[in-house]
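A short worksheet on the structure shown next.
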Amino acid sequence: MIEFRNVTKYYDNGVLALDDVSFKIEKGEFVFIVGATGMGKSTLLKLIYREELPTKGEVIVGGVNVARLKPHQVALLRRRLGVVFQDFKLLPNKTVYENVAFALEVMGYSNREIRTRVGRVLDIVGLLHKSNCYPSELSGGEQQRTSIARALVNNPAILIADEPTGNLDITTSWEIMDYFKRINARGTTIVMATHNKEIVDTMRQRVIGLYKGRIVKDEYKGSYE
Amino acid sequence: MKIYSIAFILREAWKGLTRARISTFAAIGIIAFMLVLLGTVFYTFNVIQSVFTGIGEQLEIVLYLKDGLKSEDREILKNKISSMEGVKEVIYVSKDEAWKRFKESFKGNKFVLEIMGKNPLPDSFEIKVERPEYIEILAKEITALPGIRDIDIPLEIARRVNRLISWIEFGGVIIVGVFVVVSLFVISNVIRLSFVSRIKELEIMQLVGATSFFIKGPFILEGVLCGFGGGILGVIVFNVLVFLFNKYVLSSFPLFSGFVPCDTLNLSLSLILFGMMVGGIGSVIFLERHLKR
Ligand SMILES: Nc1ncnc2c1ncn2[C@@H]1O[C@H](COP(=O)(O)OP(=O)(O)OP(=O)(O)O)[C@@H](O)[C@H]1O
Ligand SMILES: [Mg+2]
């Protein structure tokens, strides 16, 4: 489903964020990306949804080299992915409801379909009562859950989550993780970057560890340390 | 394209316009201002040009006919001249008519009338031309015709008026051209400025999988609508100015008495269209600069 072949990423300012990274993630896997801050987790995820392009090597998603995609195809790729951004990336002038609905609107869904889907997913993340609030009126955790709802609303084949529990208390975090587990059981591939030791250790899924842009660990049923 | 997508674009454009009201109003105001300026410059040149063309139109060639020309021959001559290119009108003035006019203008001056004695004036044609530049060519052709005693051509004045008109036209094209370019620049920048606060929005739209149609659509429509709003406002102001100008300025100068105010309807429509076009172009320039792939 996702494959990195000797991927190296230098940013424009010369920072080496990923250094010769190779791995393969099959359909239906649940993978944690762990590592201290600044080790390259977000960079790795950005290469998957093609916000960044590799300096060297190839990133293959769903059988195609993402560097070769035309702009229109990039949009189509992103529609098959659900992305929870580390910095949420909510549209400031849209309400919670509109932010989530937006992802469906750009795909040309009917209004009725949008209403049912958005209502359902906001219920799942526990934000139905905040539907009409703007991002500036939300707590960090609520913004994060809006971002999660938007990523999930289209039932993506692959869910990419960059610290989706970073701003949530432990109870809410587990609610979200339970939901992730459920959609993973239904076949959704999940790649999640996290600092949350407890979650990684309890879930016992595949763990890829990064240190200074290199893969230093890749274990099935792994743990954080 | 699905109907939902069209509705989406319309809704997003409308939200964008009504949300940032201050910058929308600012953009519309500046667009209106530029269009009023453009319209005024264009109109001013039109007035000047018309005035001089009007002067040119009053110039006429006077053709004195030989005595005793038969009336059939006169008719043939008249038809020949009428069919020449550039001739607007040929008026026959009989010697009696000419004498009557003469006496009229020297009414009370017995001395002059006595010296003249019996009517010494010949039959004549007064030839009006469509544009003064025809005078020179026509004069040559007409002189060659038979049955003519003398011809009176305002050649020097015609030349001067011609030269003046071509300078005015030349200057008008240049200055209007400069104003078109300047307003293009100003308007597209105003549009761009009112959009810069939304660059992050563009990136987010891209990241959730919006195709460029969905991203660009609302922005371009917003730009076009801004241009339309500015166009309407500008055209209203412009027409009020033209009305006041015609009423208070034009009518108080006898020089302009012959001037028929040009039709501002077409000019107004062009200004609105121009506003919409430049609004759209401004949006496209903004998107080209800031939509990275
Ligand atoms: N856009 C960028 N331009 C330049 N350097 C960048 C950019 N984004 C990240 N970096 C650098 O690349 C390295 C890896 O960053 P990355 O965001 O992948 O780390 P991370 O593992 O996600 O960290 P965190 O846990 O804090 O989110 C860091 O040194 C960072 O400073
Ligand atoms: Mg990160």
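In the structure tokens, chains take letters A, B, ... by order of appearance, with residues numbered from 1 within each chain and ligands from 1 in the order shown.
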
Neighbourhood of ligand 1 at 6 Å, counting only C-alpha atoms and all ligand atoms, reported as a list in words:
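Listing the residues within 6 Å of ligand 1 gives Tyr11, Asn13, Val15, Ala17, Ala36, Thr37, Gly38, Met39, Gly40, Lys41, Ser42 and Thr43 of chain A.
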
Dump of N, CA, C and O atoms for the selected residues, as a PDB file, in the first residue's frame:
```pdb
ATOM      1  N   TYR A  11      15.444  19.517   3.410  1.00  0.00           N
ATOM      2  CA  TYR A  11      14.604  20.702   3.205  1.00  0.00           C
ATOM      3  C   TYR A  11      15.426  21.766   2.495  1.00  0.00           C
ATOM      4  O   TYR A  11      16.655  21.671   2.428  1.00  0.00           O
ATOM      5  N   ASN A  13      16.377  24.558   3.338  1.00  0.00           N
ATOM      6  CA  ASN A  13      17.402  25.221   4.147  1.00  0.00           C
ATOM      7  C   ASN A  13      18.570  24.296   4.468  1.00  0.00           C
ATOM      8  O   ASN A  13      19.444  24.621   5.267  1.00  0.00           O
ATOM      9  N   VAL A  15      18.469  21.266   5.942  1.00  0.00           N
ATOM     10  CA  VAL A  15      18.264  20.316   7.041  1.00  0.00           C
ATOM     11  C   VAL A  15      17.987  18.922   6.469  1.00  0.00           C
ATOM     12  O   VAL A  15      17.168  18.762   5.565  1.00  0.00           O
ATOM     13  N   ALA A  17      16.160  15.787   6.966  1.00  0.00           N
ATOM     14  CA  ALA A  17      15.036  15.342   7.803  1.00  0.00           C
ATOM     15  C   ALA A  17      14.840  13.836   7.739  1.00  0.00           C
ATOM     16  O   ALA A  17      14.463  13.214   8.724  1.00  0.00           O
ATOM     17  N   ALA A  36      11.832  10.938  19.061  1.00  0.00           N
ATOM     18  CA  ALA A  36      11.809  12.205  19.789  1.00  0.00           C
ATOM     19  C   ALA A  36      11.451  13.341  18.833  1.00  0.00           C
ATOM     20  O   ALA A  36      11.385  13.161  17.624  1.00  0.00           O
ATOM     21  N   THR A  37      11.240  14.501  19.402  1.00  0.00           N
ATOM     22  CA  THR A  37      10.858  15.642  18.569  1.00  0.00           C
ATOM     23  C   THR A  37      11.964  15.995  17.576  1.00  0.00           C
ATOM     24  O   THR A  37      13.146  15.922  17.894  1.00  0.00           O
ATOM     25  N   GLY A  38      11.549  16.323  16.354  1.00  0.00           N
ATOM     26  CA  GLY A  38      12.514  16.731  15.327  1.00  0.00           C
ATOM     27  C   GLY A  38      13.221  15.586  14.637  1.00  0.00           C
ATOM     28  O   GLY A  38      14.144  15.802  13.857  1.00  0.00           O
ATOM     29  N   MET A  39      12.774  14.358  14.867  1.00  0.00           N
ATOM     30  CA  MET A  39      13.472  13.211  14.284  1.00  0.00           C
ATOM     31  C   MET A  39      12.974  12.855  12.881  1.00  0.00           C
ATOM     32  O   MET A  39      13.517  11.955  12.242  1.00  0.00           O
ATOM     33  N   GLY A  40      11.908  13.479  12.452  1.00  0.00           N
ATOM     34  CA  GLY A  40      11.495  13.269  11.051  1.00  0.00           C
ATOM     35  C   GLY A  40      10.149  12.583  10.870  1.00  0.00           C
ATOM     36  O   GLY A  40       9.784  12.222   9.748  1.00  0.00           O
ATOM     37  N   LYS A  41       9.377  12.461  11.928  1.00  0.00           N
ATOM     38  CA  LYS A  41       8.085  11.759  11.817  1.00  0.00           C
ATOM     39  C   LYS A  41       7.126  12.497  10.875  1.00  0.00           C
ATOM     40  O   LYS A  41       6.552  11.901   9.958  1.00  0.00           O
ATOM     41  N   SER A  42       6.940  13.768  11.137  1.00  0.00           N
ATOM     42  CA  SER A  42       6.008  14.528  10.287  1.00  0.00           C
ATOM     43  C   SER A  42       6.479  14.548   8.843  1.00  0.00           C
ATOM     44  O   SER A  42       5.676  14.457   7.909  1.00  0.00           O
ATOM     45  N   THR A  43       7.789  14.663   8.663  1.00  0.00           N
ATOM     46  CA  THR A  43       8.330  14.677   7.307  1.00  0.00           C
ATOM     47  C   THR A  43       7.965  13.397   6.578  1.00  0.00           C
ATOM     48  O   THR A  43       7.523  13.424   5.418  1.00  0.00           O
TER      49      THR A  43
END
```

Please check which protein, DNA or RNA residues sit within 12 Å of ligand 2, counting only C-alpha atoms and all ligand atoms, and write them as a PyMOL selection string.
chain A and resi 17+33-46+84-88+161-164+166+192-195+210

Export of the given selection (N, CA and C atoms) as a compact mmCIF listing (two decimals), in the first residue's frame:
```txt
# COMPACT_ATOMS: atom_id res chain seq x y z
N ALA A 17 16.16 15.79 6.97
CA ALA A 17 15.04 15.34 7.80
C ALA A 17 14.84 13.84 7.74
N ILE A 33 4.59 5.53 14.12
CA ILE A 33 5.91 6.11 13.86
C ILE A 33 6.30 6.83 15.15
N VAL A 34 7.40 6.39 15.77
CA VAL A 34 7.81 7.03 17.02
C VAL A 34 9.20 7.64 16.91
N GLY A 35 9.54 8.45 17.86
CA GLY A 35 10.84 9.12 17.85
C GLY A 35 10.70 10.45 18.57
N ALA A 36 11.83 10.94 19.06
CA ALA A 36 11.81 12.21 19.79
C ALA A 36 11.45 13.34 18.83
N THR A 37 11.24 14.50 19.40
CA THR A 37 10.86 15.64 18.57
C THR A 37 11.96 16.00 17.58
N GLY A 38 11.55 16.32 16.35
CA GLY A 38 12.51 16.73 15.33
C GLY A 38 13.22 15.59 14.64
N MET A 39 12.77 14.36 14.87
CA MET A 39 13.47 13.21 14.28
C MET A 39 12.97 12.85 12.88
N GLY A 40 11.91 13.48 12.45
CA GLY A 40 11.50 13.27 11.05
C GLY A 40 10.15 12.58 10.87
N LYS A 41 9.38 12.46 11.93
CA LYS A 41 8.09 11.76 11.82
C LYS A 41 7.13 12.50 10.87
N SER A 42 6.94 13.77 11.14
CA SER A 42 6.01 14.53 10.29
C SER A 42 6.48 14.55 8.84
N THR A 43 7.79 14.66 8.66
CA THR A 43 8.33 14.68 7.31
C THR A 43 7.97 13.40 6.58
N LEU A 44 8.11 12.29 7.27
CA LEU A 44 7.78 10.99 6.66
C LEU A 44 6.31 10.98 6.21
N LEU A 45 5.43 11.46 7.10
CA LEU A 45 4.01 11.47 6.74
C LEU A 45 3.73 12.42 5.59
N LYS A 46 4.37 13.59 5.61
CA LYS A 46 4.14 14.57 4.53
C LYS A 46 4.53 14.01 3.16
N VAL A 84 -4.82 13.57 9.54
CA VAL A 84 -4.96 14.39 10.74
C VAL A 84 -3.65 15.16 10.87
N PHE A 85 -3.71 16.47 10.71
CA PHE A 85 -2.48 17.25 10.71
C PHE A 85 -2.05 17.60 12.13
N GLN A 86 -0.72 17.65 12.32
CA GLN A 86 -0.22 17.98 13.65
C GLN A 86 -0.69 19.37 14.06
N ASP A 87 -0.78 20.27 13.09
CA ASP A 87 -1.25 21.63 13.41
C ASP A 87 -2.70 21.84 12.94
N PHE A 88 -3.45 20.77 12.84
CA PHE A 88 -4.89 20.75 12.57
C PHE A 88 -5.29 21.24 11.18
N ALA A 161 -2.15 9.96 10.57
CA ALA A 161 -2.45 10.79 11.72
C ALA A 161 -1.16 11.25 12.38
N ASP A 162 -0.98 12.56 12.45
CA ASP A 162 0.25 13.11 13.03
C ASP A 162 -0.06 13.59 14.44
N GLU A 163 0.32 12.80 15.39
CA GLU A 163 0.04 13.08 16.81
C GLU A 163 -1.43 13.43 17.04
N PRO A 164 -2.32 12.52 16.71
CA PRO A 164 -3.75 12.87 16.80
C PRO A 164 -4.24 12.98 18.24
N GLY A 166 -2.23 14.36 20.65
CA GLY A 166 -1.31 15.28 21.32
C GLY A 166 -1.97 16.27 22.26
N MET A 192 0.39 6.30 12.08
CA MET A 192 0.18 7.33 13.10
C MET A 192 1.50 7.67 13.78
N ALA A 193 1.86 8.94 13.73
CA ALA A 193 3.05 9.40 14.47
C ALA A 193 2.61 9.79 15.88
N THR A 194 3.37 9.40 16.85
CA THR A 194 2.96 9.73 18.23
C THR A 194 4.13 9.75 19.21
N HIS A 195 3.91 10.49 20.27
CA HIS A 195 4.84 10.50 21.41
C HIS A 195 4.25 9.72 22.57
N LEU A 210 12.24 6.35 14.60
CA LEU A 210 13.15 7.23 13.85
C LEU A 210 14.11 7.90 14.82
```

When the cut-off is 8 Å and we count only C-alpha atoms, which residues of chain A are near chain B, given as an MDAnalysis selection string?
chainID A and resid 51 71:72 74:79 82:83 89:91 103 105:111

Excluding Glu219 (chain A) and residues on its chain fewer than 5 positions from it, collect all residues at most 12 Å away from it, counting only C-alpha atoms, and give them as a ChimeraX atom specification.
/A:23,30-34,200,204-209,224-225
